[in-house]
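Text of the file input31.cif, holding mmCIF, C-alpha atoms and all ligand atoms:
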data_input
#
loop_
_atom_site.label_atom_id
_atom_site.label_comp_id
_atom_site.auth_asym_id
_atom_site.auth_seq_id
_atom_site.Cartn_x
_atom_site.Cartn_y
_atom_site.Cartn_z
CA MET A 1 91.54 100.22 117.00
CA LYS A 2 88.94 103.03 117.14
CA THR A 3 87.19 104.09 120.33
CA VAL A 4 83.79 105.72 120.78
CA ILE A 5 81.73 107.38 123.50
CA THR A 6 78.80 104.99 123.89
CA SER A 7 76.78 106.97 126.43
CA VAL A 8 76.84 109.82 128.90
CA GLY A 9 75.21 110.15 132.32
CA SER A 10 75.15 112.68 135.13
CA TYR A 11 74.00 113.39 138.65
CA ILE A 12 73.28 116.82 140.09
CA PRO A 13 72.61 117.13 143.83
CA LYS A 14 69.12 118.47 144.61
CA ARG A 15 70.00 121.41 146.83
CA ARG A 16 70.33 124.62 144.79
CA VAL A 17 71.86 127.74 146.33
CA THR A 18 71.46 131.08 144.57
CA ASN A 19 73.89 134.00 144.60
CA ASP A 20 71.45 135.96 146.76
CA GLU A 21 71.49 133.21 149.38
CA LEU A 22 75.33 133.30 149.48
CA ALA A 23 75.24 137.09 149.73
CA GLU A 24 73.34 136.74 153.02
CA HIS A 25 76.50 135.27 154.57
CA ILE A 26 79.47 136.75 152.71
CA ASN A 27 80.36 140.14 151.28
CA THR A 28 79.28 139.62 147.66
CA SER A 29 76.25 140.22 145.44
CA ASP A 30 74.27 138.56 142.67
CA GLU A 31 75.23 141.46 140.42
CA TRP A 32 79.00 141.01 141.03
CA ILE A 33 78.94 137.24 140.63
CA ARG A 34 76.87 137.32 137.43
CA SER A 35 78.83 140.12 135.80
CA HIS A 36 82.26 138.67 136.70
CA THR A 37 81.57 134.95 136.18
CA GLY A 38 78.17 134.26 134.56
CA ILE A 39 77.17 132.18 137.60
CA GLY A 40 73.63 132.47 139.00
CA ALA A 41 73.44 129.40 141.28
CA ARG A 42 75.21 126.19 142.23
CA HIS A 43 74.10 122.79 143.53
CA ILE A 44 75.49 121.54 146.82
CA ALA A 45 75.68 117.90 147.91
CA GLU A 46 74.30 116.81 151.29
CA ASP A 47 76.68 116.49 154.26
CA ASP A 48 76.54 112.70 154.04
CA GLU A 49 77.20 112.61 150.27
CA ALA A 50 80.81 112.20 149.11
CA SER A 51 82.28 112.36 145.60
CA SER A 52 81.88 108.59 145.21
CA ASP A 53 78.13 108.84 145.92
CA LEU A 54 77.69 111.44 143.17
CA GLY A 55 79.98 109.52 140.79
CA TYR A 56 78.16 106.25 141.46
CA ARG A 57 74.82 107.78 140.44
CA ALA A 58 76.30 109.32 137.27
CA ALA A 59 77.87 105.94 136.43
CA LEU A 60 74.53 104.13 136.84
CA ASP A 61 72.91 106.70 134.54
CA ALA A 62 75.61 106.19 131.87
CA ILE A 63 75.37 102.38 132.09
CA GLU A 64 71.58 102.48 131.75
CA ARG A 65 71.67 104.87 128.80
CA ALA A 66 74.18 102.61 127.05
CA GLY A 67 71.85 99.62 127.46
CA LEU A 68 74.72 97.79 129.17
CA GLN A 69 75.02 95.85 132.44
CA VAL A 70 77.57 96.50 135.20
CA ARG A 71 79.25 93.21 134.25
CA ASP A 72 80.07 94.65 130.79
CA ILE A 73 82.36 97.30 132.33
CA GLY A 74 86.04 96.30 132.33
CA GLY A 75 87.60 99.24 134.13
CA ILE A 76 86.83 102.48 135.99
CA ILE A 77 88.72 105.76 135.78
CA THR A 78 87.61 108.47 138.18
CA ALA A 79 88.77 112.03 137.68
CA THR A 80 88.39 113.99 140.90
CA ALA A 81 90.10 116.76 142.85
CA THR A 82 87.92 115.93 145.85
CA PRO A 83 88.45 112.20 146.55
CA ASP A 84 86.45 110.61 149.38
CA HIS A 85 89.74 110.00 151.26
CA PRO A 86 93.23 111.50 150.83
CA GLY A 87 94.85 108.70 148.82
CA PHE A 88 93.66 105.51 150.52
CA PRO A 89 91.53 104.12 148.92
CA SER A 90 90.88 105.64 145.51
CA THR A 91 87.39 107.00 144.79
CA ALA A 92 87.30 104.72 141.72
CA CYS A 93 87.65 101.65 143.99
CA ILE A 94 84.80 102.89 146.19
CA ILE A 95 82.59 103.34 143.11
CA GLN A 96 83.57 99.87 141.84
CA ASP A 97 82.36 98.46 145.16
CA LYS A 98 79.13 100.49 145.12
CA LEU A 99 78.39 99.23 141.61
CA LYS A 100 79.00 95.67 142.87
CA ALA A 101 81.21 95.27 139.83
CA GLN A 102 83.52 92.29 139.57
CA PRO A 103 87.12 93.00 140.71
CA ILE A 104 88.09 94.97 137.61
CA TRP A 105 90.81 97.61 137.58
CA ALA A 106 89.92 101.04 138.97
CA PHE A 107 92.05 104.13 139.56
CA ASP A 108 91.81 107.88 140.10
CA ILE A 109 93.25 110.67 138.02
CA ALA A 110 94.37 113.82 139.85
CA ALA A 111 94.46 116.41 137.06
CA GLY A 112 92.11 119.01 138.53
CA CYS A 113 89.52 120.38 136.14
CA SER A 114 91.29 118.72 133.18
CA GLY A 115 90.75 115.29 134.75
CA PHE A 116 87.89 114.25 132.48
CA ILE A 117 89.92 115.09 129.34
CA TYR A 118 92.84 113.06 130.72
CA GLY A 119 90.41 110.23 131.58
CA ILE A 120 89.10 109.98 128.03
CA GLU A 121 92.62 109.63 126.66
CA ALA A 122 93.63 107.14 129.37
CA ALA A 123 90.56 105.02 128.53
CA ARG A 124 91.41 105.18 124.84
CA GLY A 125 94.89 103.85 125.64
CA MET A 126 93.56 101.06 127.88
CA LEU A 127 91.08 99.98 125.21
CA GLN A 128 93.94 99.69 122.70
CA LEU A 129 95.46 97.05 125.00
CA GLY A 130 92.42 94.95 124.18
CA SER A 131 91.58 93.48 127.58
CA THR A 132 88.09 95.02 127.73
CA ASP A 133 85.47 96.65 125.48
CA HIS A 134 83.92 99.20 127.85
CA ILE A 135 85.50 101.61 130.35
CA LEU A 136 83.68 104.01 132.66
CA VAL A 137 85.22 107.46 132.85
CA ILE A 138 83.71 109.46 135.70
CA GLY A 139 84.28 113.11 136.62
CA THR A 140 82.96 113.69 140.12
CA GLU A 141 83.42 116.56 142.55
CA LYS A 142 82.22 117.71 145.92
CA LEU A 143 84.10 120.99 145.63
CA THR A 144 82.02 122.52 148.39
CA SER A 145 83.91 120.21 150.78
CA VAL A 146 87.18 122.05 150.06
CA VAL A 147 86.01 125.66 149.80
CA ASP A 148 86.29 128.16 152.59
CA TRP A 149 82.84 129.70 152.92
CA ASN A 150 84.43 132.92 154.20
CA ASP A 151 86.62 133.29 151.10
CA ARG A 152 84.83 135.15 148.32
CA ASN A 153 86.14 132.65 145.75
CA CYS A 154 83.60 130.19 147.22
CA VAL A 155 80.96 131.68 144.91
CA LEU A 156 82.66 130.03 141.94
CA PHE A 157 82.17 126.38 142.83
CA GLY A 158 79.48 123.67 142.94
CA ASP A 159 79.04 119.89 143.22
CA ALA A 160 78.11 117.40 140.45
CA ALA A 161 79.17 114.24 138.64
CA GLY A 162 79.19 113.15 135.01
CA ALA A 163 80.23 109.86 133.43
CA VAL A 164 80.77 108.38 129.99
CA ILE A 165 81.33 104.88 128.74
CA VAL A 166 84.24 104.73 126.33
CA SER A 167 84.06 101.61 124.16
CA ALA A 168 85.96 99.78 121.44
CA SER A 169 84.05 100.70 118.28
CA THR A 170 82.00 98.19 116.32
CA ALA A 171 80.76 98.13 112.72
CA ASP A 172 77.64 100.10 113.82
CA ASP A 173 79.85 103.02 114.90
CA GLU A 174 80.97 103.87 111.34
CA GLY A 175 82.46 107.37 111.32
CA ARG A 176 82.07 107.95 115.06
CA GLY A 177 84.90 108.04 117.58
CA ILE A 178 87.55 109.92 119.53
CA LEU A 179 89.62 111.47 116.74
CA CYS A 180 92.46 112.94 118.76
CA SER A 181 93.45 114.24 122.17
CA GLU A 182 96.02 116.58 123.56
CA LEU A 183 97.24 116.63 127.18
CA HIS A 184 99.59 119.08 128.89
CA ALA A 185 100.91 119.88 132.37
CA ASP A 186 102.87 122.84 133.72
CA GLY A 187 103.80 122.15 137.32
CA ALA A 188 105.46 125.56 137.63
CA GLY A 189 101.94 126.88 138.19
CA ALA A 190 101.16 124.49 141.05
CA ASP A 191 100.66 127.24 143.62
CA ALA A 192 98.01 129.05 141.53
CA LEU A 193 95.33 126.59 142.71
CA ILE A 194 96.27 124.64 145.79
CA VAL A 195 95.14 122.98 149.02
CA SER A 196 98.30 123.38 151.13
CA VAL A 197 97.79 121.03 154.07
CA GLY A 198 96.62 117.42 154.29
CA GLY A 199 99.10 115.69 151.99
CA SER A 200 102.62 114.35 152.60
CA ARG A 201 104.20 117.85 152.27
CA HIS A 202 102.24 119.14 155.27
CA PRO A 203 100.40 116.26 156.91
CA MET A 204 97.16 117.07 158.68
CA LYS A 205 98.53 115.30 161.78
CA ASN A 206 101.03 118.16 162.19
CA GLY A 207 98.12 120.58 162.49
CA TYR A 208 97.40 123.77 160.56
CA GLN A 209 97.34 127.49 161.26
CA ASP A 210 94.26 128.67 159.46
CA ILE A 211 91.21 127.40 157.57
CA SER A 212 92.86 128.71 154.39
CA ASP A 213 95.56 126.01 154.75
CA ILE A 214 93.07 123.17 154.37
CA THR A 215 90.79 124.73 151.73
CA LEU A 216 91.26 125.63 148.08
CA ARG A 217 93.29 128.79 147.52
CA MET A 218 93.28 130.36 144.08
CA GLN A 219 95.14 133.23 142.47
CA GLY A 220 92.13 134.29 140.40
CA ARG A 221 93.69 136.68 137.92
CA ARG A 222 96.66 134.33 137.25
CA VAL A 223 94.33 131.36 136.64
CA TYR A 224 92.13 133.53 134.41
CA ASN A 225 95.05 134.51 132.17
CA PHE A 226 96.31 130.92 131.99
CA ALA A 227 92.83 129.60 131.18
CA VAL A 228 92.18 132.02 128.29
CA SER A 229 95.60 131.37 126.81
CA VAL A 230 95.39 127.53 126.89
CA LEU A 231 91.77 127.43 125.73
CA VAL A 232 92.92 129.31 122.62
CA SER A 233 96.12 127.31 122.02
CA THR A 234 94.48 123.90 122.62
CA LEU A 235 91.60 124.60 120.23
CA LYS A 236 93.97 125.84 117.53
CA SER A 237 96.16 122.79 117.91
CA LEU A 238 93.27 120.27 117.93
CA LEU A 239 91.84 121.76 114.72
CA GLU A 240 95.25 121.77 113.06
CA LYS A 241 95.94 118.13 113.99
CA THR A 242 92.58 116.93 112.65
CA ASN A 243 92.56 119.20 109.56
CA LEU A 244 89.18 120.56 110.65
CA THR A 245 87.93 124.14 110.64
CA ILE A 246 85.59 125.77 113.12
CA ASP A 247 82.75 125.27 110.60
CA ASP A 248 83.17 121.48 110.92
CA ILE A 249 82.69 121.66 114.71
CA SER A 250 79.11 121.55 116.00
CA TYR A 251 80.05 122.62 119.52
CA ILE A 252 83.06 123.46 121.62
CA VAL A 253 82.45 122.17 125.15
CA PRO A 254 84.87 124.00 127.44
CA HIS A 255 85.40 123.40 131.14
CA GLN A 256 82.81 125.68 132.77
CA ALA A 257 84.93 127.94 134.97
CA ASN A 258 83.87 131.45 134.05
CA ILE A 259 81.83 132.86 131.13
CA ARG A 260 84.40 135.63 130.72
CA ILE A 261 87.20 133.10 130.11
CA ILE A 262 85.10 131.52 127.35
CA GLN A 263 84.13 134.84 125.77
CA ALA A 264 87.71 136.14 125.85
CA ALA A 265 88.95 132.95 124.13
CA ALA A 266 86.16 133.15 121.53
CA LYS A 267 87.11 136.73 120.74
CA ARG A 268 90.82 135.92 120.37
CA LEU A 269 90.02 133.00 118.08
CA GLY A 270 87.42 134.93 116.09
CA PHE A 271 84.87 132.15 116.78
CA PRO A 272 81.22 133.04 117.45
CA ASN A 273 80.19 132.83 121.13
CA ASP A 274 77.37 130.43 120.27
CA LYS A 275 79.87 127.75 119.16
CA PHE A 276 80.70 127.36 122.86
CA TYR A 277 78.25 125.41 125.00
CA VAL A 278 77.78 127.18 128.33
CA ASN A 279 75.75 126.01 131.34
CA ILE A 280 77.67 127.74 134.10
CA GLU A 281 74.69 129.91 135.11
CA ASN A 282 72.88 127.09 136.88
CA LEU A 283 75.78 124.86 138.02
CA ALA A 284 78.88 127.05 138.59
CA ASN A 285 82.32 125.44 138.28
CA THR A 286 82.14 121.69 138.98
CA SER A 287 85.76 120.93 137.99
CA ALA A 288 86.24 117.46 136.45
CA ALA A 289 82.45 116.97 136.26
CA SER A 290 81.66 120.05 134.19
CA ILE A 291 82.30 118.65 130.69
CA PRO A 292 80.42 115.31 131.00
CA VAL A 293 77.54 117.08 132.79
CA ALA A 294 77.37 119.55 129.88
CA LEU A 295 77.43 116.68 127.34
CA ARG A 296 74.54 114.92 129.09
CA GLU A 297 72.54 118.15 129.10
CA MET A 298 73.28 118.73 125.40
CA GLU A 299 72.09 115.23 124.52
CA ASP A 300 68.91 115.69 126.55
CA THR A 301 68.04 118.97 124.89
CA GLY A 302 68.71 117.58 121.40
CA LEU A 303 71.75 119.80 120.77
CA LEU A 304 74.09 116.84 120.48
CA LYS A 305 73.33 114.13 117.92
CA LYS A 306 75.17 111.13 116.54
CA GLY A 307 77.77 112.24 114.00
CA ASP A 308 78.24 115.75 115.44
CA ILE A 309 81.88 116.75 115.86
CA ILE A 310 82.69 118.36 119.19
CA ALA A 311 85.82 119.77 120.78
CA ALA A 312 86.05 119.36 124.57
CA VAL A 313 88.70 121.44 126.34
CA GLY A 314 89.71 121.39 130.01
CA PHE A 315 92.11 123.47 132.15
CA GLY A 316 92.79 123.61 135.84
CA ALA A 317 94.93 122.81 138.86
CA GLY A 318 98.38 121.42 138.26
CA LEU A 319 98.42 123.45 136.11
CA THR A 320 96.97 121.05 133.55
CA TYR A 321 95.11 121.42 130.28
CA GLY A 322 94.08 119.47 127.22
CA GLY A 323 91.29 118.62 124.82
CA ASN A 324 89.59 115.92 122.76
CA ILE A 325 87.97 116.01 119.32
CA ILE A 326 85.06 113.55 119.31
CA VAL A 327 82.64 112.48 116.60
CA TRP A 328 79.60 111.84 118.82
N1 LIG B 401 82.16 139.09 145.32
C1 LIG B 401 82.24 140.45 145.29
N2 LIG B 401 83.37 141.10 145.03
C2 LIG B 401 84.46 140.37 144.78
C3 LIG B 401 84.46 138.96 144.79
C4 LIG B 401 83.24 138.31 145.07
N3 LIG B 401 83.11 136.99 145.09
N4 LIG B 401 85.70 138.52 144.50
C5 LIG B 401 86.46 139.61 144.30
N5 LIG B 401 85.73 140.74 144.47
C6 LIG B 401 86.15 142.11 144.35
C7 LIG B 401 87.60 142.31 144.78
O1 LIG B 401 87.68 142.55 146.18
C8 LIG B 401 88.01 143.55 143.98
O2 LIG B 401 87.50 144.70 144.62
P1 LIG B 401 88.32 146.10 144.58
O3 LIG B 401 88.44 146.45 143.11
O4 LIG B 401 87.46 147.02 145.37
O5 LIG B 401 89.66 145.80 145.20
C9 LIG B 401 87.24 143.38 142.67
O6 LIG B 401 86.15 142.47 142.96
C10 LIG B 401 88.09 142.80 141.57
O7 LIG B 401 88.82 141.68 142.09
P2 LIG B 401 89.62 140.71 141.17
O8 LIG B 401 90.17 139.60 142.00
O9 LIG B 401 90.58 141.52 140.33
O10 LIG B 401 88.42 140.18 140.27
P3 LIG B 401 88.47 139.52 138.85
O11 LIG B 401 87.85 140.44 137.90
O12 LIG B 401 89.82 138.95 138.54
O13 LIG B 401 87.49 138.30 139.09
C11 LIG B 401 87.61 135.94 139.45
C12 LIG B 401 87.81 137.32 140.06
C13 LIG B 401 86.14 135.79 139.09
C14 LIG B 401 88.01 134.90 140.49
C15 LIG B 401 88.48 135.84 138.17
O14 LIG B 401 89.81 136.20 138.45
C16 LIG B 401 88.45 134.47 137.59
O15 LIG B 401 87.43 134.01 137.11
N6 LIG B 401 89.57 133.76 137.59
C17 LIG B 401 89.64 132.41 137.09
C18 LIG B 401 89.03 131.54 138.10
C19 LIG B 401 88.82 130.18 137.59
O16 LIG B 401 88.38 130.00 136.48
N7 LIG B 401 89.13 129.25 138.43
C20 LIG B 401 88.91 127.94 138.16
C21 LIG B 401 89.78 127.36 137.09
S1 LIG B 401 90.44 125.86 137.56
C22 LIG B 401 89.20 125.10 138.26
O17 LIG B 401 88.17 125.05 137.65
C23 LIG B 401 89.32 124.58 139.68
#

Can I see the file as structure tokens?
Amino acid sequence: MKTVITSVGSYIPKRRVTNDELAEHINTSDEWIRSHTGIGARHIAEDDEASSDLGYRAALDAIERAGLQVRDIGGIITATATPDHPGFPSTACIIQDKLKAQPIWAFDIAAGCSGFIYGIEAARGMLQLGSTDHILVIGTEKLTSVVDWNDRNCVLFGDAAGAVIVSASTADDEGRGILCSELHADGAGADALIVSVGGSRHPMKNGYQDISDITLRMQGRRVYNFAVSVLVSTLKSLLEKTNLTIDDISYIVPHQANIRIIQAAAKRLGFPNDKFYVNIENLANTSAASIPVALREMEDTGLLKKGDIIAAVGFGAGLTYGGNIIVW
């Protein structure tokens, strides 16, 4: 059975914080952030907004754009590194309740910034089982809830949510669909991007020494090298598997972590920079939300049309990485 992306939605919190505003509080500058990352600003959710609130709004947008009703959705997969609660209950269940959806299945994927890529493939597998025709895949993050505002890495992150509906294809979808996916994990790199305290290894109830124990710690250079290398290898492998060349691809939509990662991968591959869709300047790194948010933006601006072939590639905590080739 073939599967298609029926629609894409997103939600971006209103509050926008520029590099200059951050530089008023920490030792950084607009010049450094732009030249090292390509980031100019990020959006930050309100104190009373959690990942499920952002994801719920993106889900509503996707459902509306598909011309579907909530009752048409048979399952919800939420990719998030910043769940509303640590484990109980899942953010997907909270969104299912907010949507007032019938008691369908709902679960979270913890695959860091690759979560959306994993979610697409998980939905494809669930659709093959045949119990439903439409699955919501949501990438939602309130990363600003896990950053230490005194750590200079805080400049990298922002909040947002994106969602797609993955559906069993019908006769109208001739030629469209998810052509292939590739998923990988390398747990040996777990400590490169980690929140140390708050899980079963070091429960919060045992206390913590420092703010750095309960916020995201990243070995920037190590993650950078990993990201460039897997962006290159995943794209090569996806093209090989589908017998496509770069000329067949309308756009590569990479996880938006750092413009320099994308440019370094483009150079190694010999692909032109403008094959890669980049929106990091206005939104920063929004982890599992970055790819669906980019897709929604591309559709809105007319860059993405039915029949276009795109390659989406994610990489992040775990370490995890993977990609999908999609005929839109
Ligand atoms: N503002 C100003 N100066 C800074 C900042 C900052 N925010 N951060 C570091 N610096 C300074 C350092 O102190 C250092 O100064 P020094 O030379 O005087 O000692 C200098 O800049 C260079 O530091 P590096 O850490 O070597 O900087 P680098 O060029 O590696 O850039 C960065 C750091 C942007 C974090 C880079 O390593 C990177 O992008 N890594 C990948 C990060 C990433 O993509 N993470 C997310 C992937 S997974 C996910 O999405 C959750």

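For the choices A:Ile39, A:Leu239, A:Val8, A:Ala58, the atom-to-atom distance to ligand LIG 401 (chain B) is smallest for A:Ile39 when using all atoms listed in the file.
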
message: Show me, as JSON, numbers by chain, the residues that have an atom within 6 Å of segment 282-296 of chain A when counting only C-alpha atoms, minus same-chain residues fewer than 2 positions from it.
response: {"A": [8, 9, 10, 39, 40, 41, 42, 113, 115, 116, 139, 140, 156, 157, 158, 159, 161, 162, 163, 255, 256, 257, 280, 298, 299]}

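The smallest atom-to-atom distance between ligand LIG 401 (chain B) and any of A:Asn279, A:Asn258, A:Ser237, A:Ser167, using all atoms listed in the file, is found for A:Asn258.
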
Please build the interface table for chain A against ligand LIG 401 (chain B) with a cut-off of 7 Å, listing for each qualifying residue the nearest atom pair and the distance in Å to one decimal; count only C-alpha atoms and all ligand atoms, order rows by chain and increasing number, and write it as a tab-separated table.
residue	atom	partner	partner_atom	distance
A:Asn27	CA	B:LIG401	C1	6.3
A:Thr28	CA	B:LIG401	N1	3.7
A:Ser29	CA	B:LIG401	C1	6.0
A:Trp32	CA	B:LIG401	C1	5.4
A:Ile33	CA	B:LIG401	N1	6.0
A:His36	CA	B:LIG401	C13	5.4
A:Thr37	CA	B:LIG401	C13	5.5
A:Gly112	CA	B:LIG401	C23	6.3
A:Cys113	CA	B:LIG401	O17	5.1
A:Arg152	CA	B:LIG401	N3	4.1
A:Asn153	CA	B:LIG401	N3	5.3
A:Val155	CA	B:LIG401	N3	5.7
A:Gly220	CA	B:LIG401	O14	3.6
A:Arg221	CA	B:LIG401	O14	3.9
A:Val223	CA	B:LIG401	C17	4.8
A:Tyr224	CA	B:LIG401	C17	3.8
A:Ala227	CA	B:LIG401	O16	6.9
A:Ala257	CA	B:LIG401	O16	4.3
A:Asn258	CA	B:LIG401	O16	5.3
A:Asn285	CA	B:LIG401	O17	5.9
A:Ser287	CA	B:LIG401	O17	4.8
A:Phe315	CA	B:LIG401	S1	6.1
A:Gly316	CA	B:LIG401	S1	3.7
A:Ala317	CA	B:LIG401	S1	5.6

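Rounded to one decimal, atom CA of His25 of chain A and atom CA of Asn150 of chain A lie 8.3 Å from each other.
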
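Relative to atom CA of Ile178 of chain A, atom CA of Lys2 of chain A is found at 7.4 Å.
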
Residue nearest Arg57 of chain A - candidates A:Ala311, A:Ile259, A:His85, A:Lys98, atoms counted: all atoms listed in the file: A:Lys98

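The interatomic distance for the pair atom CA of Ile261 of chain A and atom CA of Met218 of chain A works out to 15.5 Å.
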
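For the choices A:Leu319, A:Ala23, A:Ala50, A:Ile5, the atom-to-atom distance to Val230 of chain A is smallest for A:Leu319 when using all atoms listed in the file.
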
message: Ranking A:Glu64, A:Asp47, A:Ala312, A:Val70 by minimum distance to Ile120 of chain A and counting all atoms listed in the file, which one comes first?
response: A:Ala312

task: Could you give me, as an MDAnalysis selection string, the residues within 8 Å of segment 264-270 of chain A, counting all atoms listed in the file and dropping anything in the same chain fewer than 5 positions from it?
output: chainID A and resid 228:229 231:232
